[in-house]
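Asker: File name upload-v7.pdb; file contents PDB, C-alpha atoms and all ligand atoms; full text below.
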```pdb
ATOM      1  CA  MET A   1     -20.772 -37.302 -18.611  1.00  0.00           C
ATOM      2  CA  THR A   2     -20.778 -34.302 -16.356  1.00  0.00           C
ATOM      3  CA  LYS A   3     -19.188 -31.018 -17.256  1.00  0.00           C
ATOM      4  CA  LYS A   4     -19.667 -29.906 -13.666  1.00  0.00           C
ATOM      5  CA  ASP A   5     -16.474 -30.768 -11.820  1.00  0.00           C
ATOM      6  CA  SER A   6     -16.960 -28.118  -9.158  1.00  0.00           C
ATOM      7  CA  LEU A   7     -19.866 -29.754  -7.350  1.00  0.00           C
ATOM      8  CA  THR A   8     -19.869 -29.659  -3.571  1.00  0.00           C
ATOM      9  CA  ARG A   9     -19.685 -33.317  -2.618  1.00  0.00           C
ATOM     10  CA  TYR A  10     -19.467 -33.323   1.171  1.00  0.00           C
ATOM     11  CA  SER A  11     -21.730 -31.676   3.703  1.00  0.00           C
ATOM     12  CA  GLU A  12     -23.366 -32.113   7.099  1.00  0.00           C
ATOM     13  CA  ILE A  13     -27.089 -32.113   7.800  1.00  0.00           C
ATOM     14  CA  THR A  14     -27.246 -30.513  11.222  1.00  0.00           C
ATOM     15  CA  VAL A  15     -30.983 -30.543  11.862  1.00  0.00           C
ATOM     16  CA  LYS A  16     -33.406 -33.409  12.452  1.00  0.00           C
ATOM     17  CA  ASN A  17     -31.791 -36.749  11.546  1.00  0.00           C
ATOM     18  CA  LYS A  18     -28.235 -35.377  11.857  1.00  0.00           C
ATOM     19  CA  ARG A  19     -25.826 -36.979   9.454  1.00  0.00           C
ATOM     20  CA  GLU A  20     -22.964 -36.425   7.095  1.00  0.00           C
ATOM     21  CA  ILE A  21     -23.796 -36.583   3.402  1.00  0.00           C
ATOM     22  CA  VAL A  22     -21.639 -37.269   0.376  1.00  0.00           C
ATOM     23  CA  LEU A  23     -22.459 -36.846  -3.282  1.00  0.00           C
ATOM     24  CA  LEU A  24     -20.455 -39.566  -5.007  1.00  0.00           C
ATOM     25  CA  ARG A  25     -20.181 -40.343  -8.686  1.00  0.00           C
ATOM     26  CA  GLY A  26     -21.136 -43.571 -10.419  1.00  0.00           C
ATOM     27  CA  THR A  27     -21.694 -44.766 -13.946  1.00  0.00           C
ATOM     28  CA  GLY A  28     -25.029 -42.961 -14.041  1.00  0.00           C
ATOM     29  CA  CYS A  29     -28.694 -43.634 -13.530  1.00  0.00           C
ATOM     30  CA  LYS A  30     -29.797 -46.607 -15.635  1.00  0.00           C
ATOM     31  CA  TRP A  31     -33.407 -45.393 -15.826  1.00  0.00           C
ATOM     32  CA  ARG A  32     -32.718 -41.852 -16.932  1.00  0.00           C
ATOM     33  CA  ARG A  33     -36.241 -41.295 -18.230  1.00  0.00           C
ATOM     34  CA  CYS A  34     -37.876 -39.197 -15.519  1.00  0.00           C
ATOM     35  CA  THR A  35     -39.174 -36.228 -17.474  1.00  0.00           C
ATOM     36  CA  PHE A  36     -38.278 -33.662 -14.801  1.00  0.00           C
ATOM     37  CA  CYS A  37     -34.726 -34.826 -14.068  1.00  0.00           C
ATOM     38  CA  ASP A  38     -31.311 -33.725 -15.159  1.00  0.00           C
ATOM     39  CA  TYR A  39     -29.423 -34.839 -12.028  1.00  0.00           C
ATOM     40  CA  HIS A  40     -28.318 -37.930 -13.875  1.00  0.00           C
ATOM     41  CA  LEU A  41     -25.821 -35.830 -15.839  1.00  0.00           C
ATOM     42  CA  ASP A  42     -23.326 -36.285 -12.986  1.00  0.00           C
ATOM     43  CA  PHE A  43     -21.693 -39.543 -14.036  1.00  0.00           C
ATOM     44  CA  HIS A  44     -18.576 -41.004 -15.596  1.00  0.00           C
ATOM     45  CA  LEU A  45     -18.296 -44.323 -17.377  1.00  0.00           C
ATOM     46  CA  ASP A  46     -14.793 -45.050 -16.064  1.00  0.00           C
ATOM     47  CA  PRO A  47     -15.018 -46.739 -12.647  1.00  0.00           C
ATOM     48  CA  ASP A  48     -11.385 -45.929 -11.830  1.00  0.00           C
ATOM     49  CA  SER A  49     -12.005 -42.245 -12.406  1.00  0.00           C
ATOM     50  CA  ASN A  50     -15.119 -42.434 -10.234  1.00  0.00           C
ATOM     51  CA  PHE A  51     -13.239 -44.224  -7.478  1.00  0.00           C
ATOM     52  CA  ALA A  52     -10.462 -41.619  -7.520  1.00  0.00           C
ATOM     53  CA  LEU A  53     -13.037 -38.878  -7.063  1.00  0.00           C
ATOM     54  CA  ASN A  54     -15.096 -40.788  -4.491  1.00  0.00           C
ATOM     55  CA  ARG A  55     -12.013 -41.660  -2.426  1.00  0.00           C
ATOM     56  CA  ASN A  56     -11.227 -37.966  -2.007  1.00  0.00           C
ATOM     57  CA  VAL A  57     -14.817 -37.232  -0.982  1.00  0.00           C
ATOM     58  CA  LEU A  58     -14.981 -40.101   1.501  1.00  0.00           C
ATOM     59  CA  LYS A  59     -11.734 -38.879   3.115  1.00  0.00           C
ATOM     60  CA  GLN A  60     -13.742 -35.958   4.479  1.00  0.00           C
ATOM     61  CA  VAL A  61     -16.153 -38.160   6.425  1.00  0.00           C
ATOM     62  CA  THR A  62     -15.489 -37.925  10.166  1.00  0.00           C
ATOM     63  CA  GLY A  63     -18.266 -40.084  11.613  1.00  0.00           C
ATOM     64  CA  LYS A  64     -19.262 -37.269  13.991  1.00  0.00           C
ATOM     65  CA  TYR A  65     -22.974 -38.125  13.849  1.00  0.00           C
ATOM     66  CA  GLY A  66     -22.628 -41.892  13.477  1.00  0.00           C
ATOM     67  CA  LYS A  67     -24.743 -41.637  10.333  1.00  0.00           C
ATOM     68  CA  LEU A  68     -23.826 -41.152   6.688  1.00  0.00           C
ATOM     69  CA  GLU A  69     -26.008 -40.568   3.634  1.00  0.00           C
ATOM     70  CA  VAL A  70     -24.582 -41.487   0.242  1.00  0.00           C
ATOM     71  CA  ILE A  71     -26.182 -40.072  -2.875  1.00  0.00           C
ATOM     72  CA  ASN A  72     -24.901 -40.441  -6.415  1.00  0.00           C
ATOM     73  CA  SER A  73     -27.436 -39.030  -8.874  1.00  0.00           C
ATOM     74  CA  GLY A  74     -28.801 -42.495  -9.514  1.00  0.00           C
ATOM     75  CA  SER A  75     -28.802 -45.698  -7.482  1.00  0.00           C
ATOM     76  CA  PHE A  76     -26.190 -47.351  -5.282  1.00  0.00           C
ATOM     77  CA  VAL A  77     -25.800 -50.052  -7.933  1.00  0.00           C
ATOM     78  CA  ASP A  78     -24.186 -47.427 -10.183  1.00  0.00           C
ATOM     79  CA  LEU A  79     -21.241 -47.121  -7.776  1.00  0.00           C
ATOM     80  CA  ASP A  80     -18.122 -49.161  -8.528  1.00  0.00           C
ATOM     81  CA  GLU A  81     -17.127 -52.017  -6.237  1.00  0.00           C
ATOM     82  CA  GLN A  82     -14.052 -50.257  -4.846  1.00  0.00           C
ATOM     83  CA  THR A  83     -16.192 -47.316  -3.806  1.00  0.00           C
ATOM     84  CA  VAL A  84     -18.733 -49.544  -2.048  1.00  0.00           C
ATOM     85  CA  ARG A  85     -15.889 -51.312  -0.227  1.00  0.00           C
ATOM     86  CA  LEU A  86     -14.435 -47.963   0.813  1.00  0.00           C
ATOM     87  CA  ILE A  87     -17.829 -46.779   2.082  1.00  0.00           C
ATOM     88  CA  LEU A  88     -18.024 -49.903   4.222  1.00  0.00           C
ATOM     89  CA  GLN A  89     -14.445 -49.468   5.441  1.00  0.00           C
ATOM     90  CA  THR A  90     -15.141 -45.795   6.241  1.00  0.00           C
ATOM     91  CA  CYS A  91     -18.209 -46.767   8.259  1.00  0.00           C
ATOM     92  CA  ILE A  92     -16.218 -49.329  10.220  1.00  0.00           C
ATOM     93  CA  GLU A  93     -13.264 -46.994  10.850  1.00  0.00           C
ATOM     94  CA  LYS A  94     -15.399 -43.965  11.747  1.00  0.00           C
ATOM     95  CA  GLN A  95     -17.904 -45.960  13.809  1.00  0.00           C
ATOM     96  CA  ILE A  96     -20.815 -45.061  11.569  1.00  0.00           C
ATOM     97  CA  LEU A  97     -23.750 -47.262  12.501  1.00  0.00           C
ATOM     98  CA  GLU A  98     -26.323 -46.083   9.964  1.00  0.00           C
ATOM     99  CA  ILE A  99     -25.832 -45.648   6.231  1.00  0.00           C
ATOM    100  CA  HIS A 100     -28.371 -44.246   3.778  1.00  0.00           C
ATOM    101  CA  PHE A 101     -28.349 -45.020   0.056  1.00  0.00           C
ATOM    102  CA  GLU A 102     -30.723 -44.175  -2.769  1.00  0.00           C
ATOM    103  CA  CYS A 103     -32.151 -46.649  -5.240  1.00  0.00           C
ATOM    104  CA  HIS A 104     -34.535 -46.718  -8.184  1.00  0.00           C
ATOM    105  CA  TRP A 105     -37.397 -49.220  -8.123  1.00  0.00           C
ATOM    106  CA  MET A 106     -35.801 -51.199 -10.975  1.00  0.00           C
ATOM    107  CA  HIS A 107     -32.871 -52.187  -8.717  1.00  0.00           C
ATOM    108  CA  ARG A 108     -34.921 -53.269  -5.693  1.00  0.00           C
ATOM    109  CA  ASP A 109     -33.731 -56.883  -5.999  1.00  0.00           C
ATOM    110  CA  ALA A 110     -30.185 -55.697  -5.257  1.00  0.00           C
ATOM    111  CA  VAL A 111     -31.206 -54.213  -1.902  1.00  0.00           C
ATOM    112  CA  PRO A 112     -31.104 -57.365   0.291  1.00  0.00           C
ATOM    113  CA  ALA A 113     -27.471 -58.106  -0.607  1.00  0.00           C
ATOM    114  CA  LEU A 114     -26.468 -54.527   0.184  1.00  0.00           C
ATOM    115  CA  ARG A 115     -28.214 -54.720   3.549  1.00  0.00           C
ATOM    116  CA  LYS A 116     -26.503 -58.025   4.285  1.00  0.00           C
ATOM    117  CA  THR A 117     -23.040 -56.653   3.469  1.00  0.00           C
ATOM    118  CA  PHE A 118     -23.350 -53.738   5.882  1.00  0.00           C
ATOM    119  CA  GLU A 119     -25.454 -55.435   8.531  1.00  0.00           C
ATOM    120  CA  ALA A 120     -22.770 -58.126   8.851  1.00  0.00           C
ATOM    121  CA  HIS A 121     -20.714 -55.320  10.427  1.00  0.00           C
ATOM    122  CA  GLY A 122     -23.550 -54.018  12.617  1.00  0.00           C
ATOM    123  CA  ILE A 123     -24.354 -51.130  10.274  1.00  0.00           C
ATOM    124  CA  ARG A 124     -28.048 -50.376   9.629  1.00  0.00           C
ATOM    125  CA  VAL A 125     -28.900 -49.693   5.973  1.00  0.00           C
ATOM    126  CA  LYS A 126     -31.627 -47.231   5.014  1.00  0.00           C
ATOM    127  CA  LEU A 127     -32.776 -47.212   1.398  1.00  0.00           C
ATOM    128  CA  LYS A 128     -34.438 -44.159  -0.092  1.00  0.00           C
ATOM    129  CA  ILE A 129     -36.632 -44.348  -3.181  1.00  0.00           C
ATOM    130  CA  GLY A 130     -37.841 -41.422  -5.275  1.00  0.00           C
ATOM    131  CA  VAL A 131     -41.574 -41.950  -5.739  1.00  0.00           C
ATOM    132  CA  GLU A 132     -42.386 -38.230  -6.171  1.00  0.00           C
ATOM    133  CA  THR A 133     -46.150 -38.855  -5.864  1.00  0.00           C
ATOM    134  CA  PHE A 134     -48.419 -41.775  -4.977  1.00  0.00           C
ATOM    135  CA  ASP A 135     -50.775 -40.709  -7.775  1.00  0.00           C
ATOM    136  CA  ALA A 136     -49.609 -43.604  -9.961  1.00  0.00           C
ATOM    137  CA  PRO A 137     -51.155 -42.523 -13.299  1.00  0.00           C
ATOM    138  CA  TYR A 138     -49.653 -39.026 -12.962  1.00  0.00           C
ATOM    139  CA  ARG A 139     -46.359 -40.436 -11.777  1.00  0.00           C
ATOM    140  CA  GLU A 140     -46.026 -42.847 -14.679  1.00  0.00           C
ATOM    141  CA  GLN A 141     -47.727 -41.006 -17.543  1.00  0.00           C
ATOM    142  CA  VAL A 142     -46.426 -37.511 -16.823  1.00  0.00           C
ATOM    143  CA  LEU A 143     -43.273 -37.995 -14.748  1.00  0.00           C
ATOM    144  CA  CYS A 144     -42.278 -41.354 -16.261  1.00  0.00           C
ATOM    145  CA  LYS A 145     -40.831 -42.662 -12.984  1.00  0.00           C
ATOM    146  CA  GLY A 146     -40.715 -46.316 -13.965  1.00  0.00           C
ATOM    147  CA  ILE A 147     -42.468 -47.744 -10.878  1.00  0.00           C
ATOM    148  CA  ASP A 148     -44.859 -50.438 -12.066  1.00  0.00           C
ATOM    149  CA  GLU A 149     -46.506 -50.847  -8.677  1.00  0.00           C
ATOM    150  CA  GLN A 150     -49.416 -48.789  -7.396  1.00  0.00           C
ATOM    151  CA  SER A 151     -49.575 -49.937  -3.772  1.00  0.00           C
ATOM    152  CA  PRO A 152     -47.594 -47.650  -1.435  1.00  0.00           C
ATOM    153  CA  ALA A 153     -47.193 -50.561   0.999  1.00  0.00           C
ATOM    154  CA  LYS A 154     -45.733 -52.796  -1.689  1.00  0.00           C
ATOM    155  CA  ILE A 155     -43.354 -50.055  -2.820  1.00  0.00           C
ATOM    156  CA  ALA A 156     -42.317 -49.543   0.798  1.00  0.00           C
ATOM    157  CA  ALA A 157     -41.624 -53.247   1.329  1.00  0.00           C
ATOM    158  CA  CYS A 158     -38.053 -52.884   0.007  1.00  0.00           C
ATOM    159  CA  PHE A 159     -37.384 -49.313   1.090  1.00  0.00           C
ATOM    160  CA  ASP A 160     -37.204 -47.254   4.281  1.00  0.00           C
ATOM    161  CA  GLU A 161     -37.474 -43.676   3.090  1.00  0.00           C
ATOM    162  CA  VAL A 162     -39.311 -41.906   0.293  1.00  0.00           C
ATOM    163  CA  CYS A 163     -38.705 -38.768  -1.745  1.00  0.00           C
ATOM    164  CA  LEU A 164     -41.650 -36.697  -2.915  1.00  0.00           C
ATOM    165  CA  LEU A 165     -41.515 -33.907  -5.465  1.00  0.00           C
ATOM    166  CA  PHE A 166     -43.895 -30.945  -5.331  1.00  0.00           C
ATOM    167  CA  GLY A 167     -44.417 -28.008  -7.634  1.00  0.00           C
ATOM    168  CA  PHE A 168     -45.912 -29.670 -10.705  1.00  0.00           C
ATOM    169  CA  ASP A 169     -48.852 -28.350 -12.655  1.00  0.00           C
ATOM    170  CA  GLY A 170     -51.993 -30.132 -11.389  1.00  0.00           C
ATOM    171  CA  GLN A 171     -50.833 -30.812  -7.826  1.00  0.00           C
ATOM    172  CA  THR A 172     -53.183 -29.467  -5.164  1.00  0.00           C
ATOM    173  CA  GLU A 173     -53.150 -29.005  -1.405  1.00  0.00           C
ATOM    174  CA  GLU A 174     -55.166 -32.234  -1.110  1.00  0.00           C
ATOM    175  CA  SER A 175     -52.923 -34.254  -3.410  1.00  0.00           C
ATOM    176  CA  MET A 176     -49.754 -33.079  -1.686  1.00  0.00           C
ATOM    177  CA  ARG A 177     -51.209 -33.709   1.773  1.00  0.00           C
ATOM    178  CA  TYR A 178     -52.212 -37.209   0.645  1.00  0.00           C
ATOM    179  CA  ASP A 179     -48.689 -37.857  -0.625  1.00  0.00           C
ATOM    180  CA  ILE A 180     -47.111 -36.705   2.644  1.00  0.00           C
ATOM    181  CA  GLU A 181     -49.505 -38.678   4.835  1.00  0.00           C
ATOM    182  CA  THR A 182     -49.111 -41.785   2.665  1.00  0.00           C
ATOM    183  CA  GLY A 183     -45.356 -41.421   2.887  1.00  0.00           C
ATOM    184  CA  LEU A 184     -45.463 -41.096   6.673  1.00  0.00           C
ATOM    185  CA  ALA A 185     -47.785 -44.090   6.979  1.00  0.00           C
ATOM    186  CA  ASN A 186     -45.613 -46.401   4.896  1.00  0.00           C
ATOM    187  CA  PHE A 187     -42.029 -45.212   5.318  1.00  0.00           C
ATOM    188  CA  GLU A 188     -39.784 -44.256   8.234  1.00  0.00           C
ATOM    189  CA  ARG A 189     -38.910 -40.890   6.744  1.00  0.00           C
ATOM    190  CA  VAL A 190     -40.141 -38.581   3.994  1.00  0.00           C
ATOM    191  CA  CYS A 191     -38.005 -36.162   1.996  1.00  0.00           C
ATOM    192  CA  ILE A 192     -39.988 -33.455   0.221  1.00  0.00           C
ATOM    193  CA  ASN A 193     -38.247 -31.754  -2.677  1.00  0.00           C
ATOM    194  CA  ILE A 194     -39.640 -28.613  -4.220  1.00  0.00           C
ATOM    195  CA  MET A 195     -39.264 -28.554  -7.994  1.00  0.00           C
ATOM    196  CA  VAL A 196     -36.767 -26.010  -9.249  1.00  0.00           C
ATOM    197  CA  GLU A 197     -36.155 -24.908 -12.804  1.00  0.00           C
ATOM    198  CA  ASN A 198     -33.609 -27.087 -14.595  1.00  0.00           C
ATOM    199  CA  THR A 199     -32.689 -28.001 -18.167  1.00  0.00           C
ATOM    200  CA  THR A 200     -35.773 -30.200 -18.751  1.00  0.00           C
ATOM    201  CA  LYS A 201     -39.013 -29.063 -20.329  1.00  0.00           C
ATOM    202  CA  ILE A 202     -40.927 -29.612 -17.086  1.00  0.00           C
ATOM    203  CA  LYS A 203     -41.160 -26.288 -15.329  1.00  0.00           C
ATOM    204  CA  PRO A 204     -42.092 -25.652 -11.698  1.00  0.00           C
ATOM    205  CA  ASP A 205     -45.582 -24.253 -11.162  1.00  0.00           C
ATOM    206  CA  ALA A 206     -45.216 -21.234  -8.872  1.00  0.00           C
ATOM    207  CA  SER A 207     -48.866 -21.344  -7.809  1.00  0.00           C
ATOM    208  CA  VAL A 208     -48.529 -24.966  -6.611  1.00  0.00           C
ATOM    209  CA  ILE A 209     -45.365 -24.102  -4.692  1.00  0.00           C
ATOM    210  CA  ASP A 210     -47.186 -21.139  -3.173  1.00  0.00           C
ATOM    211  CA  ILE A 211     -50.014 -23.447  -2.009  1.00  0.00           C
ATOM    212  CA  PHE A 212     -47.467 -25.804  -0.456  1.00  0.00           C
ATOM    213  CA  MET A 213     -45.659 -22.984   1.345  1.00  0.00           C
ATOM    214  CA  ARG A 214     -48.840 -21.420   2.701  1.00  0.00           C
ATOM    215  CA  THR A 215     -50.777 -24.521   3.713  1.00  0.00           C
ATOM    216  CA  LEU A 216     -48.501 -27.540   4.173  1.00  0.00           C
ATOM    217  CA  TYR A 217     -45.048 -26.210   4.980  1.00  0.00           C
ATOM    218  CA  PRO A 218     -46.196 -24.698   8.316  1.00  0.00           C
ATOM    219  CA  VAL A 219     -47.823 -28.015   9.279  1.00  0.00           C
ATOM    220  CA  TYR A 220     -44.947 -30.321   8.412  1.00  0.00           C
ATOM    221  CA  ALA A 221     -41.772 -28.201   8.713  1.00  0.00           C
ATOM    222  CA  GLY A 222     -41.271 -29.207  12.342  1.00  0.00           C
ATOM    223  CA  ASN A 223     -41.907 -32.920  11.810  1.00  0.00           C
ATOM    224  CA  GLU A 224     -38.756 -34.824  12.763  1.00  0.00           C
ATOM    225  CA  ARG A 225     -39.525 -37.509  10.169  1.00  0.00           C
ATOM    226  CA  ILE A 226     -39.699 -35.064   7.285  1.00  0.00           C
ATOM    227  CA  ASP A 227     -36.910 -33.254   5.457  1.00  0.00           C
ATOM    228  CA  ILE A 228     -38.013 -30.406   3.202  1.00  0.00           C
ATOM    229  CA  LEU A 229     -35.664 -29.184   0.482  1.00  0.00           C
ATOM    230  CA  LEU A 230     -36.877 -25.897  -0.933  1.00  0.00           C
ATOM    231  CA  ASN A 231     -33.793 -25.952  -3.134  1.00  0.00           C
ATOM    232  CA  ASN A 232     -32.176 -29.139  -4.350  1.00  0.00           C
ATOM    233  CA  THR A 233     -28.870 -28.052  -2.815  1.00  0.00           C
ATOM    234  CA  ASP A 234     -30.350 -27.527   0.673  1.00  0.00           C
ATOM    235  CA  PHE A 235     -28.517 -30.589   1.999  1.00  0.00           C
ATOM    236  CA  GLY A 236     -25.320 -28.711   1.141  1.00  0.00           C
ATOM    237  CA  VAL A 237     -24.235 -30.910  -1.759  1.00  0.00           C
ATOM    238  CA  GLY A 238     -24.742 -30.483  -5.467  1.00  0.00           C
TER     239      GLY A 238
HETATM  240  S1  LIG B 301     -34.322 -42.297 -11.368  1.00  0.00           S
HETATM  241 FE1  LIG B 301     -33.553 -40.453 -10.313  1.00  0.00          FE
HETATM  242  S2  LIG B 301     -31.613 -39.929 -11.379  1.00  0.00           S
HETATM  243 FE2  LIG B 301     -32.725 -41.412 -12.670  1.00  0.00          FE
HETATM  244  S3  LIG B 301     -33.848 -40.135 -14.132  1.00  0.00           S
HETATM  245 FE3  LIG B 301     -35.247 -40.557 -12.412  1.00  0.00          FE
HETATM  246  S4  LIG B 301     -34.988 -38.851 -10.946  1.00  0.00           S
HETATM  247 FE4  LIG B 301     -33.252 -38.812 -12.395  1.00  0.00          FE
END
```
Show this structure as structure tokens.

Answerer:
Amino acid sequence: MTKKDSLTRYSEITVKNKREIVLLRGTGCKWRRCTFCDYHLDFHLDPDSNFALNRNVLKQVTGKYGKLEVINSGSFVDLDEQTVRLILQTCIEKQILEIHFECHWMHRDAVPALRKTFEAHGIRVKLKIGVETFDAPYREQVLCKGIDEQSPAKIAACFDEVCLLFGFDGQTEESMRYDIETGLANFERVCINIMVENTTKIKPDASVIDIFMRTLYPVYAGNERIDILLNNTDFGVG
């Protein structure tokens, strides 16, 4: 359960794919094994308490961009039913025609029903998966992502957008370029996160981040299909 009750939970992304974004709270990531992650600490086991918090956050949504991204330090399946209903109602009332959710690979079978629920009201659903790298052995043996599929195309079959994570020991200009290009070839959008120090034992490698900033950032920063978060609060929430 989180001790952080002062998180910023509403923001606007005013560049590229303009959208509002909310950081909601669910019952917590059910995978929870990624070696680099402590985001999953933002959860509460009581759905009523989560709904009370989420209702206040969703009140701030205006619909000004017609697009809304919902994140919840886990997957959409961790949100309670009342919250999902209120997200749908908010989209309908605020004329939001595109909604983004995040989802771990283990919950991919729940995606079609979510799409159906929103698409029945004319709302496009975009699912984002954290893959971090398409180097499957590294991803599974070092990062412990829990994606038992190597093929980028097969991973992309259920998802629209991919998150990559750079700044790990062993990543190179070539490996990061391959990850970005593979993401662009298989997904509609790519979100690059730069590893920042957190409470886990996995520490960012400054030399890898330096390589990214010198060689790849200038190439991809202007790409409309790529978001780059140098800090994990760059979307304004967290
Ligand atoms: S799936 Fe996401 S929230 Fe869960 S442990 Fe991995 S990175 Fe963290």

Asker: Neighbours of ligand LIG 301 (chain B) at 12 Å or closer, counting only C-alpha atoms and all ligand atoms: which residues, as a PyMOL selection string?

Answerer: chain A and resi 25-43+71-76+78+102-107+128-132+139-140+143-147+163-165+193+195+198+200

Asker: Pick the closest to Val219 in chain A from A:Val15, A:Cys191, A:Val125, A:Ile180: which is it, counting all atoms listed in the file?

Answerer: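 Residue with the minimum atom-to-atom distance to Val219 in chain A: A:Ile180.
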
Asker: For this structure, which residues satisfy the selection - the PyMOL selection byres (((chain A and resi 221) around 12) and not hetatm) - when it is evaluated on the file as given? I want them as a VMD selection string.

Answerer: chain A and resid 15 to 16 180 190 to 192 212 to 220 222 to 230

Asker: Quick check, in Å to one decimal: how far apart do CA of Glu69 in chain A and CA of Glu161 in chain A lie?

Answerer: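 It comes out at 11.9 Å.
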
Asker: For each of A:Asp205, A:Glu93, A:Glu98, A:Glu20, take the minimum atom-to-atom distance to Val57 in chain A, counting all atoms listed in the file, then give the residue where this is smallest.

Answerer: A:Glu20

Asker: Mind pulling up the distance from CA of Leu45 in chain A to CA of Thr199 in chain A?

Answerer: 21.8 Å

Asker: Ranking A:Asp179, A:Asp109, A:Asp46, A:Asp148 by minimum distance to Asp135 in chain A and counting only C-alpha atoms, which one comes first?

Answerer: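 The shortest atom-to-atom distance to Asp135 in chain A comes from A:Asp179.
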
Asker: Pick from A:Lys18, A:Asn50, A:Ala113, A:Ile123: nearest to Ile92 in chain A, with only C-alpha atoms counted?

Answerer: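 Of the candidates, the smallest distance to Ile92 in chain A is held by A:Ile123.
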
Asker: Hey, can you check how far CA of Glu149 in chain A sits from CA of Lys126 in chain A?

Answerer: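 Distance between the two atoms: 20.5 Å.
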
Asker: Which of these residues is nearest to Gly238 in chain A, using only C-alpha atoms: A:Leu24, A:Gln150, A:Arg85, A:Arg19?

Answerer: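 Nearest candidate to Gly238 in chain A out of A:Leu24, A:Gln150, A:Arg85, A:Arg19: A:Leu24.
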
Asker: Around the point (-51.4, -31.9, -9.9), in the coordinates given by the file, pick out the residues reaching within 12 Å, counting all atoms listed in the file, and return them as a VMD selection string.

Answerer: chain A and resid 132 to 139 142 to 143 165 to 179 204 to 205 207 to 209 211 to 212

Asker: Convert the current residue selection to file output with C-alpha atoms, as a PDB file, in the frame of the given file.

Answerer:
```
ATOM      1  CA  GLU A 132     -42.386 -38.230  -6.171  1.00  0.00           C
ATOM      2  CA  THR A 133     -46.150 -38.855  -5.864  1.00  0.00           C
ATOM      3  CA  PHE A 134     -48.419 -41.775  -4.977  1.00  0.00           C
ATOM      4  CA  ASP A 135     -50.775 -40.709  -7.775  1.00  0.00           C
ATOM      5  CA  ALA A 136     -49.609 -43.604  -9.961  1.00  0.00           C
ATOM      6  CA  PRO A 137     -51.155 -42.523 -13.299  1.00  0.00           C
ATOM      7  CA  TYR A 138     -49.653 -39.026 -12.962  1.00  0.00           C
ATOM      8  CA  ARG A 139     -46.359 -40.436 -11.777  1.00  0.00           C
ATOM      9  CA  VAL A 142     -46.426 -37.511 -16.823  1.00  0.00           C
ATOM     10  CA  LEU A 143     -43.273 -37.995 -14.748  1.00  0.00           C
ATOM     11  CA  LEU A 165     -41.515 -33.907  -5.465  1.00  0.00           C
ATOM     12  CA  PHE A 166     -43.895 -30.945  -5.331  1.00  0.00           C
ATOM     13  CA  GLY A 167     -44.417 -28.008  -7.634  1.00  0.00           C
ATOM     14  CA  PHE A 168     -45.912 -29.670 -10.705  1.00  0.00           C
ATOM     15  CA  ASP A 169     -48.852 -28.350 -12.655  1.00  0.00           C
ATOM     16  CA  GLY A 170     -51.993 -30.132 -11.389  1.00  0.00           C
ATOM     17  CA  GLN A 171     -50.833 -30.812  -7.826  1.00  0.00           C
ATOM     18  CA  THR A 172     -53.183 -29.467  -5.164  1.00  0.00           C
ATOM     19  CA  GLU A 173     -53.150 -29.005  -1.405  1.00  0.00           C
ATOM     20  CA  GLU A 174     -55.166 -32.234  -1.110  1.00  0.00           C
ATOM     21  CA  SER A 175     -52.923 -34.254  -3.410  1.00  0.00           C
ATOM     22  CA  MET A 176     -49.754 -33.079  -1.686  1.00  0.00           C
ATOM     23  CA  ARG A 177     -51.209 -33.709   1.773  1.00  0.00           C
ATOM     24  CA  TYR A 178     -52.212 -37.209   0.645  1.00  0.00           C
ATOM     25  CA  ASP A 179     -48.689 -37.857  -0.625  1.00  0.00           C
ATOM     26  CA  PRO A 204     -42.092 -25.652 -11.698  1.00  0.00           C
ATOM     27  CA  ASP A 205     -45.582 -24.253 -11.162  1.00  0.00           C
ATOM     28  CA  SER A 207     -48.866 -21.344  -7.809  1.00  0.00           C
ATOM     29  CA  VAL A 208     -48.529 -24.966  -6.611  1.00  0.00           C
ATOM     30  CA  ILE A 209     -45.365 -24.102  -4.692  1.00  0.00           C
ATOM     31  CA  ILE A 211     -50.014 -23.447  -2.009  1.00  0.00           C
ATOM     32  CA  PHE A 212     -47.467 -25.804  -0.456  1.00  0.00           C
TER      33      PHE A 212
END
```

Asker: Would you write out, as number ranges by chain, every residue that the PyMOL selection byres (((chain A and resi 90) around 10) and not hetatm) captures in this file?

Answerer: A: 58-59, 61-63, 68, 84-89, 91-96

Asker: Would you compute an axis-aligned box for range 32-40 of chain A, covering every atom listed for it in the file with 8 Å of margin on each side, and report centre and edge lengths in Å to one decimal as JSON?

Answerer:
```
{"center_x": -33.7, "center_y": -37.8, "center_z": -15.1, "size_x": 26.9, "size_y": 24.2, "size_z": 22.2}
```

Asker: Using all atoms listed in the file, which residue out of A:Ala206, A:Asp80, A:His100, A:Gly183 lies closest to Phe118 in chain A?

Answerer: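 Residue with the minimum atom-to-atom distance to Phe118 in chain A: A:His100.
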
Asker: Any chance you could resolve the PyMOL selection byres (((chain A and resi 235) around 10) and not hetatm) against this file and give the residues as a PyMOL selection string?

Answerer: chain A and resi 10-14+20-22+227-229+231-234+236-238
